[in-house]
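Below is query_23.cif, which holds mmCIF, C-alpha atoms, pLDDT in the B column; chains and numbers go by the auth columns.
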data_start
#
loop_
_atom_site.group_PDB
_atom_site.id
_atom_site.type_symbol
_atom_site.label_atom_id
_atom_site.label_comp_id
_atom_site.label_asym_id
_atom_site.label_seq_id
_atom_site.Cartn_x
_atom_site.Cartn_y
_atom_site.Cartn_z
_atom_site.B_iso_or_equiv
_atom_site.auth_seq_id
_atom_site.auth_asym_id
ATOM 1 C CA MET A 1 0.000 0.000 0.000 29.00 1075 A
ATOM 2 C CA SER A 2 1.515 3.337 -0.977 36.00 1076 A
ATOM 3 C CA LYS A 3 1.995 6.046 1.600 40.00 1077 A
ATOM 4 C CA GLU A 4 0.784 9.439 0.461 40.00 1078 A
ATOM 5 C CA TRP A 5 2.774 12.597 0.997 38.00 1079 A
ATOM 6 C CA GLN A 6 1.908 14.054 4.353 40.00 1080 A
ATOM 7 C CA PHE A 7 2.703 16.697 6.942 38.00 1081 A
ATOM 8 C CA LYS A 8 4.709 15.251 9.839 39.00 1082 A
ATOM 9 C CA VAL A 9 4.931 18.172 12.204 37.00 1083 A
ATOM 10 C CA SER A 10 4.112 21.840 11.609 48.00 1084 A
ATOM 11 C CA LYS A 11 6.683 22.383 8.885 72.00 1085 A
ATOM 12 C CA ASP A 12 8.216 18.977 8.224 84.00 1086 A
ATOM 13 C CA TYR A 13 7.196 17.024 5.134 90.00 1087 A
ATOM 14 C CA ASP A 14 7.809 13.452 3.987 90.00 1088 A
ATOM 15 C CA LEU A 15 7.611 11.914 0.535 93.00 1089 A
ATOM 16 C CA ASP A 16 8.375 8.300 -0.251 95.00 1090 A
ATOM 17 C CA ILE A 17 10.622 7.891 -3.299 96.00 1091 A
ATOM 18 C CA ASP A 18 10.814 4.998 -5.741 96.00 1092 A
ATOM 19 C CA SER A 19 13.800 3.828 -7.805 96.00 1093 A
ATOM 20 C CA GLN A 20 13.100 6.389 -10.542 95.00 1094 A
ATOM 21 C CA LEU A 21 13.141 9.302 -8.086 96.00 1095 A
ATOM 22 C CA LYS A 22 16.173 7.798 -6.365 96.00 1096 A
ATOM 23 C CA ASP A 23 18.111 7.999 -9.650 96.00 1097 A
ATOM 24 C CA LEU A 24 17.004 11.614 -10.031 95.00 1098 A
ATOM 25 C CA PHE A 25 18.132 12.704 -6.567 97.00 1099 A
ATOM 26 C CA PHE A 26 21.196 10.536 -5.955 96.00 1100 A
ATOM 27 C CA ILE A 27 23.437 11.803 -8.746 95.00 1101 A
ATOM 28 C CA PRO A 28 27.138 12.449 -8.082 93.00 1102 A
ATOM 29 C CA VAL A 29 27.413 16.010 -6.729 93.00 1103 A
ATOM 30 C CA ARG A 30 30.772 17.517 -7.664 90.00 1104 A
ATOM 31 C CA ASN A 31 29.961 21.189 -8.246 89.00 1105 A
ATOM 32 C CA LYS A 32 27.321 23.909 -7.898 90.00 1106 A
ATOM 33 C CA MET A 33 25.560 22.838 -11.082 91.00 1107 A
ATOM 34 C CA ASP A 34 25.048 19.262 -9.859 93.00 1108 A
ATOM 35 C CA GLN A 35 23.794 20.562 -6.525 94.00 1109 A
ATOM 36 C CA ALA A 36 21.393 22.985 -8.245 95.00 1110 A
ATOM 37 C CA LEU A 37 19.981 20.175 -10.399 96.00 1111 A
ATOM 38 C CA VAL A 38 19.247 18.009 -7.367 97.00 1112 A
ATOM 39 C CA LEU A 39 17.591 20.926 -5.594 97.00 1113 A
ATOM 40 C CA LEU A 40 15.516 21.956 -8.628 97.00 1114 A
ATOM 41 C CA ASN A 41 14.329 18.408 -9.272 97.00 1115 A
ATOM 42 C CA ALA A 42 13.353 18.055 -5.609 97.00 1116 A
ATOM 43 C CA ILE A 43 11.330 21.285 -5.741 97.00 1117 A
ATOM 44 C CA LYS A 44 9.742 20.135 -8.998 96.00 1118 A
ATOM 45 C CA ILE A 45 8.558 16.908 -7.352 96.00 1119 A
ATOM 46 C CA LEU A 46 7.528 18.503 -4.050 95.00 1120 A
ATOM 47 C CA ARG A 47 5.278 20.992 -5.870 94.00 1121 A
ATOM 48 C CA VAL A 48 3.140 18.089 -7.103 93.00 1122 A
ATOM 49 C CA ALA A 49 3.687 15.809 -4.102 90.00 1123 A
ATOM 50 C CA HIS A 50 -0.012 15.957 -3.197 84.00 1124 A
ATOM 51 C CA LYS A 51 -0.702 14.052 -6.439 86.00 1125 A
ATOM 52 C CA ILE A 52 1.988 11.402 -6.056 87.00 1126 A
ATOM 53 C CA ASN A 53 1.496 7.841 -4.807 87.00 1127 A
ATOM 54 C CA ILE A 54 4.553 5.601 -4.546 90.00 1128 A
ATOM 55 C CA ASN A 55 3.862 1.874 -4.743 90.00 1129 A
ATOM 56 C CA ASP A 56 7.403 0.547 -4.313 94.00 1130 A
ATOM 57 C CA PRO A 57 9.303 2.921 -2.019 95.00 1131 A
ATOM 58 C CA VAL A 58 13.066 2.552 -1.743 96.00 1132 A
ATOM 59 C CA GLY A 59 13.674 5.664 0.308 96.00 1133 A
ATOM 60 C CA LYS A 60 12.348 8.986 1.478 95.00 1134 A
ATOM 61 C CA LEU A 61 12.620 12.708 0.793 96.00 1135 A
ATOM 62 C CA VAL A 62 12.367 14.850 3.924 95.00 1136 A
ATOM 63 C CA LEU A 63 11.791 18.611 3.795 95.00 1137 A
ATOM 64 C CA LYS A 64 12.405 20.436 7.068 92.00 1138 A
ATOM 65 C CA VAL A 65 11.413 24.100 7.159 90.00 1139 A
ATOM 66 C CA SER A 66 12.929 26.169 9.973 84.00 1140 A
ATOM 67 C CA LYS A 67 15.491 28.935 10.438 79.00 1141 A
ATOM 68 C CA MET A 68 17.839 26.687 8.472 79.00 1142 A
ATOM 69 C CA SER A 69 15.647 24.802 5.992 90.00 1143 A
ATOM 70 C CA ARG A 70 16.927 21.595 4.402 94.00 1144 A
ATOM 71 C CA ILE A 71 15.991 18.943 1.867 96.00 1145 A
ATOM 72 C CA THR A 72 17.261 15.479 2.792 97.00 1146 A
ATOM 73 C CA PHE A 73 17.231 12.284 0.731 97.00 1147 A
ATOM 74 C CA CYS A 74 17.342 8.928 2.505 97.00 1148 A
ATOM 75 C CA ILE A 75 17.959 5.445 1.127 96.00 1149 A
ATOM 76 C CA GLU A 76 19.527 2.369 2.665 93.00 1150 A
ATOM 77 C CA ASN A 77 23.092 3.104 3.779 94.00 1151 A
ATOM 78 C CA LYS A 78 23.116 6.644 2.320 96.00 1152 A
ATOM 79 C CA ILE A 79 21.597 9.988 3.356 97.00 1153 A
ATOM 80 C CA VAL A 80 22.235 13.289 1.558 97.00 1154 A
ATOM 81 C CA SER A 81 21.182 16.724 2.817 97.00 1155 A
ATOM 82 C CA LEU A 82 21.244 20.148 1.125 96.00 1156 A
ATOM 83 C CA ALA A 83 20.360 23.622 2.345 94.00 1157 A
ATOM 84 C CA LEU A 84 17.181 25.118 0.888 94.00 1158 A
ATOM 85 C CA PRO A 85 17.530 28.841 0.014 92.00 1159 A
ATOM 86 C CA PHE A 86 13.855 29.477 -0.741 94.00 1160 A
ATOM 87 C CA TYR A 87 10.741 30.232 1.284 93.00 1161 A
ATOM 88 C CA VAL A 88 8.145 27.466 1.626 92.00 1162 A
ATOM 89 C CA LYS A 89 4.387 27.888 1.939 89.00 1163 A
ATOM 90 C CA ASN A 90 1.584 25.396 2.437 86.00 1164 A
ATOM 91 C CA THR A 91 -1.341 26.500 0.269 82.00 1165 A
ATOM 92 C CA ASP A 92 -4.395 24.289 0.695 82.00 1166 A
ATOM 93 C CA GLY A 93 -2.276 21.157 1.132 79.00 1167 A
ATOM 94 C CA ARG A 94 0.117 22.060 -1.685 88.00 1168 A
ATOM 95 C CA LEU A 95 3.691 23.235 -1.279 91.00 1169 A
ATOM 96 C CA GLU A 96 4.829 26.448 -2.923 93.00 1170 A
ATOM 97 C CA PHE A 97 8.406 27.710 -3.054 95.00 1171 A
ATOM 98 C CA GLU A 98 9.283 31.392 -3.298 95.00 1172 A
ATOM 99 C CA SER A 99 12.472 33.038 -4.518 94.00 1173 A
ATOM 100 C CA LYS A 100 13.491 36.584 -3.581 93.00 1174 A
ATOM 101 C CA SER A 101 14.031 37.269 -7.281 94.00 1175 A
ATOM 102 C CA ILE A 102 10.964 35.830 -9.014 94.00 1176 A
ATOM 103 C CA GLY A 103 8.435 35.198 -6.265 94.00 1177 A
ATOM 104 C CA VAL A 104 6.594 31.893 -6.602 95.00 1178 A
ATOM 105 C CA ILE A 105 8.815 29.383 -8.398 96.00 1179 A
ATOM 106 C CA ASP A 106 6.627 27.917 -11.133 96.00 1180 A
ATOM 107 C CA SER A 107 7.163 24.944 -13.442 96.00 1181 A
ATOM 108 C CA VAL A 108 8.430 27.160 -16.291 95.00 1182 A
ATOM 109 C CA SER A 109 11.182 28.686 -14.152 96.00 1183 A
ATOM 110 C CA ILE A 110 12.189 25.249 -12.860 97.00 1184 A
ATOM 111 C CA SER A 111 12.295 23.701 -16.349 97.00 1185 A
ATOM 112 C CA ASN A 112 14.330 26.597 -17.743 96.00 1186 A
ATOM 113 C CA ALA A 113 16.798 26.492 -14.856 96.00 1187 A
ATOM 114 C CA ILE A 114 17.185 22.701 -15.174 96.00 1188 A
ATOM 115 C CA ALA A 115 17.880 23.125 -18.902 95.00 1189 A
ATOM 116 C CA ILE A 116 20.624 25.663 -18.164 93.00 1190 A
ATOM 117 C CA PHE A 117 22.333 23.671 -15.415 93.00 1191 A
ATOM 118 C CA SER A 118 22.122 20.492 -17.523 93.00 1192 A
ATOM 119 C CA ASN A 119 23.805 22.159 -20.505 90.00 1193 A
ATOM 120 C CA GLU A 120 27.514 21.439 -20.073 84.00 1194 A
ATOM 121 C CA THR A 121 28.353 23.475 -23.163 84.00 1195 A
ATOM 122 C CA LEU A 122 26.895 26.607 -21.575 79.00 1196 A
ATOM 123 C CA ILE A 123 28.476 26.026 -18.187 76.00 1197 A
ATOM 124 C CA GLU A 124 31.947 25.054 -19.423 78.00 1198 A
ATOM 125 C CA ALA A 125 32.236 27.641 -22.232 79.00 1199 A
ATOM 126 C CA ASP A 126 35.265 29.949 -22.132 83.00 1200 A
ATOM 127 C CA CYS A 127 33.038 32.970 -22.733 83.00 1201 A
ATOM 128 C CA ILE A 128 30.010 33.938 -20.677 85.00 1202 A
ATOM 129 C CA SER A 129 28.126 35.284 -23.704 89.00 1203 A
ATOM 130 C CA ALA A 130 26.310 32.036 -24.535 85.00 1204 A
ATOM 131 C CA LEU A 131 25.022 31.676 -20.968 86.00 1205 A
ATOM 132 C CA ALA A 132 24.127 35.359 -20.834 89.00 1206 A
ATOM 133 C CA ASP A 133 22.191 35.141 -24.104 89.00 1207 A
ATOM 134 C CA GLU A 134 20.248 32.132 -22.830 89.00 1208 A
ATOM 135 C CA VAL A 135 19.378 33.820 -19.545 91.00 1209 A
ATOM 136 C CA LEU A 136 18.425 37.082 -21.279 91.00 1210 A
ATOM 137 C CA ASP A 137 16.085 35.245 -23.654 93.00 1211 A
ATOM 138 C CA ILE A 138 14.255 33.662 -20.718 94.00 1212 A
ATOM 139 C CA ALA A 139 14.321 36.863 -18.664 92.00 1213 A
ATOM 140 C CA SER A 140 12.484 38.650 -21.507 92.00 1214 A
ATOM 141 C CA TYR A 141 9.314 36.783 -20.465 92.00 1215 A
ATOM 142 C CA LYS A 142 10.376 35.784 -16.915 92.00 1216 A
ATOM 143 C CA PRO A 143 11.537 38.971 -15.164 92.00 1217 A
ATOM 144 C CA GLY A 144 13.957 38.236 -12.359 93.00 1218 A
ATOM 145 C CA PHE A 145 15.124 34.945 -13.884 95.00 1219 A
ATOM 146 C CA TRP A 146 18.805 35.925 -13.731 94.00 1220 A
ATOM 147 C CA GLY A 147 18.364 36.690 -10.042 95.00 1221 A
ATOM 148 C CA PHE A 148 16.895 33.199 -9.573 96.00 1222 A
ATOM 149 C CA ILE A 149 19.902 31.603 -11.293 94.00 1223 A
ATOM 150 C CA ARG A 150 22.209 33.778 -9.199 93.00 1224 A
ATOM 151 C CA GLU A 151 20.519 32.619 -5.994 94.00 1225 A
ATOM 152 C CA LEU A 152 21.218 29.017 -6.953 94.00 1226 A
ATOM 153 C CA LEU A 153 24.828 29.739 -7.874 91.00 1227 A
ATOM 154 C CA LEU A 154 25.638 31.794 -4.768 92.00 1228 A
ATOM 155 C CA MET A 155 23.733 29.831 -2.140 90.00 1229 A
ATOM 156 C CA GLU A 156 25.630 28.118 0.644 90.00 1230 A
ATOM 157 C CA ASP A 157 25.150 24.445 -0.118 88.00 1231 A
ATOM 158 C CA GLY A 158 25.376 22.983 3.374 92.00 1232 A
ATOM 159 C CA TYR A 159 26.090 19.615 1.736 96.00 1233 A
ATOM 160 C CA VAL A 160 26.394 16.685 4.138 97.00 1234 A
ATOM 161 C CA ARG A 161 26.264 12.988 3.240 97.00 1235 A
ATOM 162 C CA PHE A 162 26.133 9.893 5.430 97.00 1236 A
ATOM 163 C CA ASP A 163 27.602 6.736 3.886 96.00 1237 A
ATOM 164 C CA ARG A 164 27.957 3.144 4.960 95.00 1238 A
ATOM 165 C CA ASP A 165 30.608 2.203 2.384 91.00 1239 A
ATOM 166 C CA GLU A 166 31.584 -1.455 2.666 91.00 1240 A
ATOM 167 C CA ASP A 167 33.584 -1.463 -0.597 92.00 1241 A
ATOM 168 C CA ARG A 168 36.110 1.215 0.400 92.00 1242 A
ATOM 169 C CA VAL A 169 36.700 0.562 4.096 94.00 1243 A
ATOM 170 C CA ASN A 170 40.256 1.436 5.104 94.00 1244 A
ATOM 171 C CA GLY A 171 40.614 1.611 8.862 92.00 1245 A
ATOM 172 C CA HIS A 172 40.355 5.120 10.279 90.00 1246 A
ATOM 173 C CA TYR A 173 41.211 6.648 6.873 93.00 1247 A
ATOM 174 C CA HIS A 174 37.889 5.528 5.382 94.00 1248 A
ATOM 175 C CA PRO A 175 35.631 4.169 8.158 95.00 1249 A
ATOM 176 C CA LEU A 176 32.682 1.948 7.318 96.00 1250 A
ATOM 177 C CA ASP A 177 30.217 4.540 8.645 96.00 1251 A
ATOM 178 C CA HIS A 178 31.117 8.187 8.059 96.00 1252 A
ATOM 179 C CA LEU A 179 29.901 11.669 7.179 97.00 1253 A
ATOM 180 C CA ASP A 180 31.201 13.451 4.079 96.00 1254 A
ATOM 181 C CA VAL A 181 31.017 17.214 4.532 96.00 1255 A
ATOM 182 C CA PHE A 182 31.106 19.374 1.347 94.00 1256 A
ATOM 183 C CA TYR A 183 31.539 17.785 -2.068 93.00 1257 A
ATOM 184 C CA SER A 184 34.488 19.279 -3.981 90.00 1258 A
ATOM 185 C CA ASN A 185 37.913 17.652 -3.706 88.00 1259 A
ATOM 186 C CA LYS A 186 39.447 20.832 -2.282 90.00 1260 A
ATOM 187 C CA ALA A 187 36.902 21.254 0.497 92.00 1261 A
ATOM 188 C CA THR A 188 35.484 17.855 1.465 93.00 1262 A
ATOM 189 C CA PHE A 189 36.437 15.941 4.606 94.00 1263 A
ATOM 190 C CA LYS A 190 35.219 12.853 6.448 94.00 1264 A
ATOM 191 C CA LEU A 191 34.020 12.378 9.982 94.00 1265 A
ATOM 192 C CA GLY A 192 34.195 8.765 11.102 93.00 1266 A
ATOM 193 C CA LEU A 193 31.260 7.312 13.028 93.00 1267 A
ATOM 194 C CA ARG A 194 31.333 4.514 15.556 90.00 1268 A
ATOM 195 C CA ALA A 195 27.935 3.202 14.458 91.00 1269 A
ATOM 196 C CA HIS A 196 25.385 3.373 11.679 93.00 1270 A
ATOM 197 C CA LEU A 197 23.189 6.495 11.569 92.00 1271 A
ATOM 198 C CA ASP A 198 19.507 6.216 10.828 92.00 1272 A
ATOM 199 C CA GLU A 199 17.411 8.998 9.332 91.00 1273 A
ATOM 200 C CA SER A 200 16.244 10.464 12.640 92.00 1274 A
ATOM 201 C CA GLN A 201 19.783 10.540 14.098 94.00 1275 A
ATOM 202 C CA PHE A 202 21.173 12.195 10.976 95.00 1276 A
ATOM 203 C CA LEU A 203 18.451 14.854 10.947 93.00 1277 A
ATOM 204 C CA ASP A 204 18.977 15.503 14.654 93.00 1278 A
ATOM 205 C CA ILE A 205 22.659 16.276 14.035 94.00 1279 A
ATOM 206 C CA LEU A 206 21.677 18.942 11.497 93.00 1280 A
ATOM 207 C CA ASP A 207 18.773 20.377 13.478 90.00 1281 A
ATOM 208 C CA ILE A 208 19.802 23.696 15.041 88.00 1282 A
ATOM 209 C CA GLY A 209 16.771 23.411 17.321 87.00 1283 A
ATOM 210 C CA THR A 210 18.095 20.345 19.158 90.00 1284 A
ATOM 211 C CA GLU A 211 21.083 19.866 21.445 94.00 1285 A
ATOM 212 C CA CYS A 212 24.529 19.768 19.814 92.00 1286 A
ATOM 213 C CA HIS A 213 26.471 16.593 19.117 90.00 1287 A
ATOM 214 C CA TYR A 214 30.143 16.459 20.124 90.00 1288 A
ATOM 215 C CA LEU A 215 33.252 15.165 18.367 88.00 1289 A
ATOM 216 C CA ASN A 216 35.882 13.211 20.270 80.00 1290 A
ATOM 217 C CA LYS A 217 38.962 11.661 18.723 74.00 1291 A
ATOM 218 C CA LEU A 218 39.329 7.889 19.113 61.00 1292 A
ATOM 219 C CA THR A 219 41.914 6.915 21.727 56.00 1293 A
#
Take the structure in the file and write it out as structure tokens.
Amino acid sequence: MSKEWQFKVSKDYDLDIDSQLKDLFFIPVRNKMDQALVLLNAIKILRVAHKININDPVGKLVLKVSKMSRITFCIENKIVSLALPFYVKNTDGRLEFESKSIGVIDSVSISNAIAIFSNETLIEADCISALADEVLDIASYKPGFWGFIRELLLMEDGYVRFDRDEDRVNGHYHPLDHLDVFYSNKATFKLGLRAHLDESQFLDILDIGTECHYLNKLT
């Protein structure tokens, strides 16, 4: 029996995800563009979550709205969490997301932004003119669109991933259970864990409204 999307607490939301959504959300995140694509696809799905029934769930999407809002994706042995830079409203049981630049984020803005961040030619070009032309074309009928793209590019990602990685265990250099903080090679680091983390434990670590967790080096 599928579990419908539902409110958990006042501003926490759950959505079961199937294997198709899992492949959409659990892509390798190596740069801002990858991170923006995951975030945009999550918003795209959450906007129509009230219409979605998942018959074969393999994981869960959790949206937590607070002073530091986050979108978190949970499957067996892996949890990924990103900061959410937009406002969230519940309108008659439907979620709406608002950007400072364009107001309510509609399906057209999401589709256009996904097309831009998916276009490696635009992103990797030596000259900004191609990207600028594309954004200007869209901005001609979507005022504020450049500001929306800028919000996605300049946002603080807050990327954190929990992994139980049996294939790459290497003592205290690559513990079985660990947190990966940040995603780029120049910034990322691991925090080893003494035990497996479940969804609730992971979310509690990131929740600024609960008591802090402490780090202690193994002796």
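The set of residues that the PyMOL selection byres ((chain A and resi 1096) around 10) takes from this file is Asp1090, Ile1091, Asp1092, Ser1093, Gln1094, Leu1095, Asp1097, Leu1098, Phe1099, Phe1100, Ile1101, Pro1131, Val1132, Gly1133, Lys1134, Leu1135, Phe1147, Cys1148 and Ile1149 of chain A.
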I need the residues from that last selection saved to file as a short mmCIF file (atom, residue, chain, number, x, y, z; two decimals), in the frame of the given file (with C-alpha atoms), if you can.
data_model
loop_
_atom_site.label_atom_id
_atom_site.label_comp_id
_atom_site.auth_asym_id
_atom_site.auth_seq_id
_atom_site.Cartn_x
_atom_site.Cartn_y
_atom_site.Cartn_z
CA ASP A 1090 8.38 8.30 -0.25
CA ILE A 1091 10.62 7.89 -3.30
CA ASP A 1092 10.81 5.00 -5.74
CA SER A 1093 13.80 3.83 -7.80
CA GLN A 1094 13.10 6.39 -10.54
CA LEU A 1095 13.14 9.30 -8.09
CA ASP A 1097 18.11 8.00 -9.65
CA LEU A 1098 17.00 11.61 -10.03
CA PHE A 1099 18.13 12.70 -6.57
CA PHE A 1100 21.20 10.54 -5.96
CA ILE A 1101 23.44 11.80 -8.75
CA PRO A 1131 9.30 2.92 -2.02
CA VAL A 1132 13.07 2.55 -1.74
CA GLY A 1133 13.67 5.66 0.31
CA LYS A 1134 12.35 8.99 1.48
CA LEU A 1135 12.62 12.71 0.79
CA PHE A 1147 17.23 12.28 0.73
CA CYS A 1148 17.34 8.93 2.50
CA ILE A 1149 17.96 5.44 1.13
#
To verify the selection step, state as a PyMOL selection string which residues the PyMOL selection byres ((chain A and resi 1113-1120) around 9) yields on this input. chain A and resi 1089+1095+1098-1099+1108-1112+1121-1124+1126+1135+1137+1145+1156-1158+1168-1171+1179-1181+1184-1185+1187-1188+1226
Which residues come within 10 Å of Val1234 (chain A), counting all atoms listed in the file, excluding same-chain residues fewer than 2 positions away, as a PDB file with C-alpha atoms, in the coordinates of the input?
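Written file, around-v9.pdb:
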ATOM      1  CA  THR A1146      17.261  15.479   2.792  1.00 97.00           C
ATOM      2  CA  ILE A1153      21.597   9.988   3.356  1.00 97.00           C
ATOM      3  CA  VAL A1154      22.235  13.289   1.558  1.00 97.00           C
ATOM      4  CA  SER A1155      21.182  16.724   2.817  1.00 97.00           C
ATOM      5  CA  LEU A1156      21.244  20.148   1.125  1.00 96.00           C
ATOM      6  CA  ALA A1157      20.360  23.622   2.345  1.00 94.00           C
ATOM      7  CA  ASP A1231      25.150  24.445  -0.118  1.00 88.00           C
ATOM      8  CA  GLY A1232      25.376  22.983   3.374  1.00 92.00           C
ATOM      9  CA  PHE A1236      26.133   9.893   5.430  1.00 97.00           C
ATOM     10  CA  LEU A1253      29.901  11.669   7.179  1.00 97.00           C
ATOM     11  CA  ASP A1254      31.201  13.451   4.079  1.00 96.00           C
ATOM     12  CA  VAL A1255      31.017  17.214   4.532  1.00 96.00           C
ATOM     13  CA  PHE A1256      31.106  19.374   1.347  1.00 94.00           C
ATOM     14  CA  TYR A1257      31.539  17.785  -2.068  1.00 93.00           C
ATOM     15  CA  THR A1262      35.484  17.855   1.465  1.00 93.00           C
ATOM     16  CA  LYS A1264      35.219  12.853   6.448  1.00 94.00           C
ATOM     17  CA  PHE A1276      21.173  12.195  10.976  1.00 95.00           C
ATOM     18  CA  LEU A1280      21.677  18.942  11.497  1.00 93.00           C
TER      19      LEU A1280
END
Give the centre and edge lengths of an axis-aligned box, in Å to one decimal, that holds all listed atoms of region 1162-1165 of chain A with 4 Å on each side, as lines of an AutoDock Vina configuration file.
center_x = 3.4
center_y = 26.6
center_z = 1.4
size_x = 17.5
size_y = 10.5
size_z = 10.2
Residue with smallest distance to Ile1212 (chain A) - pool A:Leu1267, A:Leu1289, A:Ile1190, A:Met1107, counting all atoms listed in the file: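 Using all atoms listed in the file, the shortest distance to Ile1212 (chain A) belongs to A:Ile1190.
We find CA of Ser1258 (chain A) and CA of Leu1227 (chain A) to be spaced 14.8 Å apart.
The nearest approach to Glu1230 (chain A) among the residues A:Tyr1087, A:Phe1263, A:Phe1160, A:Tyr1215, with only C-alpha atoms taken into account, belongs to A:Phe1160.
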Between A:Ile1128, A:Lys1291, A:Asp1281, A:Ile1202, single out the one closest to Ser1140 (chain A), counting only C-alpha atoms.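 Counting only C-alpha atoms, the residue closest to Ser1140 (chain A) is A:Asp1281.
Across A:Arg1224, A:Arg1235, A:Lys1085, A:Lys1216, the tightest approach to Met1142 (chain A) is made by A:Lys1085 when counting only C-alpha atoms.
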Distance in Å - CA of Ser1183 (chain A) versus CA of Val1209 (chain A):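 Calculated distance between CA of Ser1183 (chain A) and CA of Val1209 (chain A) is 11.1 Å.
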Closest to Asp1211 (chain A) among A:Asn1244, A:Asn1186, A:Ser1175, A:Asn1193, using all atoms listed in the file?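 Closest to Asp1211 (chain A) of all the choices is A:Asn1186.
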Pairwise distance for CA of Lys1152 (chain A) and CA of Arg1238 (chain A), rounded to one decimal in Å: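 CA of Arg1238 (chain A) lies at a distance of 6.5 Å from CA of Lys1152 (chain A).
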Can you tell me, as an NGL selection string, what residues are no more than 12 Å from His1246 (chain A) when counting all atoms listed in the file, ignoring any on the same chain fewer than 2 positions away? :A and (1242-1244 or 1248-1252 or 1264-1268 or 1291-1293)
I need the chosen residues saved as a PDB file, in the coordinates of the input, with C-alpha atoms.
ATOM      1  CA  ARG A1242      36.110   1.215   0.400  1.00 92.00           C
ATOM      2  CA  VAL A1243      36.700   0.562   4.096  1.00 94.00           C
ATOM      3  CA  ASN A1244      40.256   1.436   5.104  1.00 94.00           C
ATOM      4  CA  HIS A1248      37.889   5.528   5.382  1.00 94.00           C
ATOM      5  CA  PRO A1249      35.631   4.169   8.158  1.00 95.00           C
ATOM      6  CA  LEU A1250      32.682   1.948   7.318  1.00 96.00           C
ATOM      7  CA  ASP A1251      30.217   4.540   8.645  1.00 96.00           C
ATOM      8  CA  HIS A1252      31.117   8.187   8.059  1.00 96.00           C
ATOM      9  CA  LYS A1264      35.219  12.853   6.448  1.00 94.00           C
ATOM     10  CA  LEU A1265      34.020  12.378   9.982  1.00 94.00           C
ATOM     11  CA  GLY A1266      34.195   8.765  11.102  1.00 93.00           C
ATOM     12  CA  LEU A1267      31.260   7.312  13.028  1.00 93.00           C
ATOM     13  CA  ARG A1268      31.333   4.514  15.556  1.00 90.00           C
ATOM     14  CA  LYS A1291      38.962  11.661  18.723  1.00 74.00           C
ATOM     15  CA  LEU A1292      39.329   7.889  19.113  1.00 61.00           C
ATOM     16  CA  THR A1293      41.914   6.915  21.727  1.00 56.00           C
TER      17      THR A1293
END
Determine the nearest neighbour of Asp1237 (chain A) from the options A:Asn1151, A:Asn1259, A:Ser1203, A:Ser1274, counting all atoms listed in the file.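 Counting all atoms listed in the file, the residue closest to Asp1237 (chain A) is A:Asn1151.
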Completed region 1153-1162 of chain A (N, CA, C and O atoms) as a short mmCIF file (atom, residue, chain, number, x, y, z; two decimals), in the frame of the given file:
data_model
loop_
_atom_site.label_atom_id
_atom_site.label_comp_id
_atom_site.auth_asym_id
_atom_site.auth_seq_id
_atom_site.Cartn_x
_atom_site.Cartn_y
_atom_site.Cartn_z
N ILE A 1153 22.48 8.85 3.11
CA ILE A 1153 21.60 9.99 3.36
C ILE A 1153 22.33 11.24 2.87
O ILE A 1153 23.50 11.44 3.19
N VAL A 1154 21.65 12.06 2.09
CA VAL A 1154 22.24 13.29 1.56
C VAL A 1154 21.34 14.46 1.94
O VAL A 1154 20.12 14.39 1.82
N SER A 1155 21.95 15.56 2.40
CA SER A 1155 21.18 16.72 2.82
C SER A 1155 21.77 17.99 2.20
O SER A 1155 22.99 18.17 2.15
N LEU A 1156 20.87 18.87 1.72
CA LEU A 1156 21.24 20.15 1.12
C LEU A 1156 20.47 21.28 1.79
O LEU A 1156 19.32 21.09 2.19
N ALA A 1157 21.07 22.44 1.87
CA ALA A 1157 20.36 23.62 2.35
C ALA A 1157 19.33 24.05 1.31
O ALA A 1157 19.53 23.87 0.10
N LEU A 1158 18.23 24.62 1.77
CA LEU A 1158 17.18 25.12 0.89
C LEU A 1158 17.14 26.64 1.00
O LEU A 1158 16.83 27.18 2.07
N PRO A 1159 17.44 27.38 -0.09
CA PRO A 1159 17.53 28.84 0.01
C PRO A 1159 16.22 29.58 -0.21
O PRO A 1159 16.20 30.81 -0.21
N PHE A 1160 15.12 28.84 -0.38
CA PHE A 1160 13.86 29.48 -0.74
C PHE A 1160 12.83 29.38 0.38
O PHE A 1160 12.92 28.53 1.26
N TYR A 1161 11.86 30.27 0.34
CA TYR A 1161 10.74 30.23 1.28
C TYR A 1161 9.78 29.11 0.88
O TYR A 1161 9.61 28.81 -0.30
N VAL A 1162 9.10 28.54 1.88
CA VAL A 1162 8.14 27.47 1.63
C VAL A 1162 6.80 27.84 2.23
O VAL A 1162 6.73 28.30 3.37
#
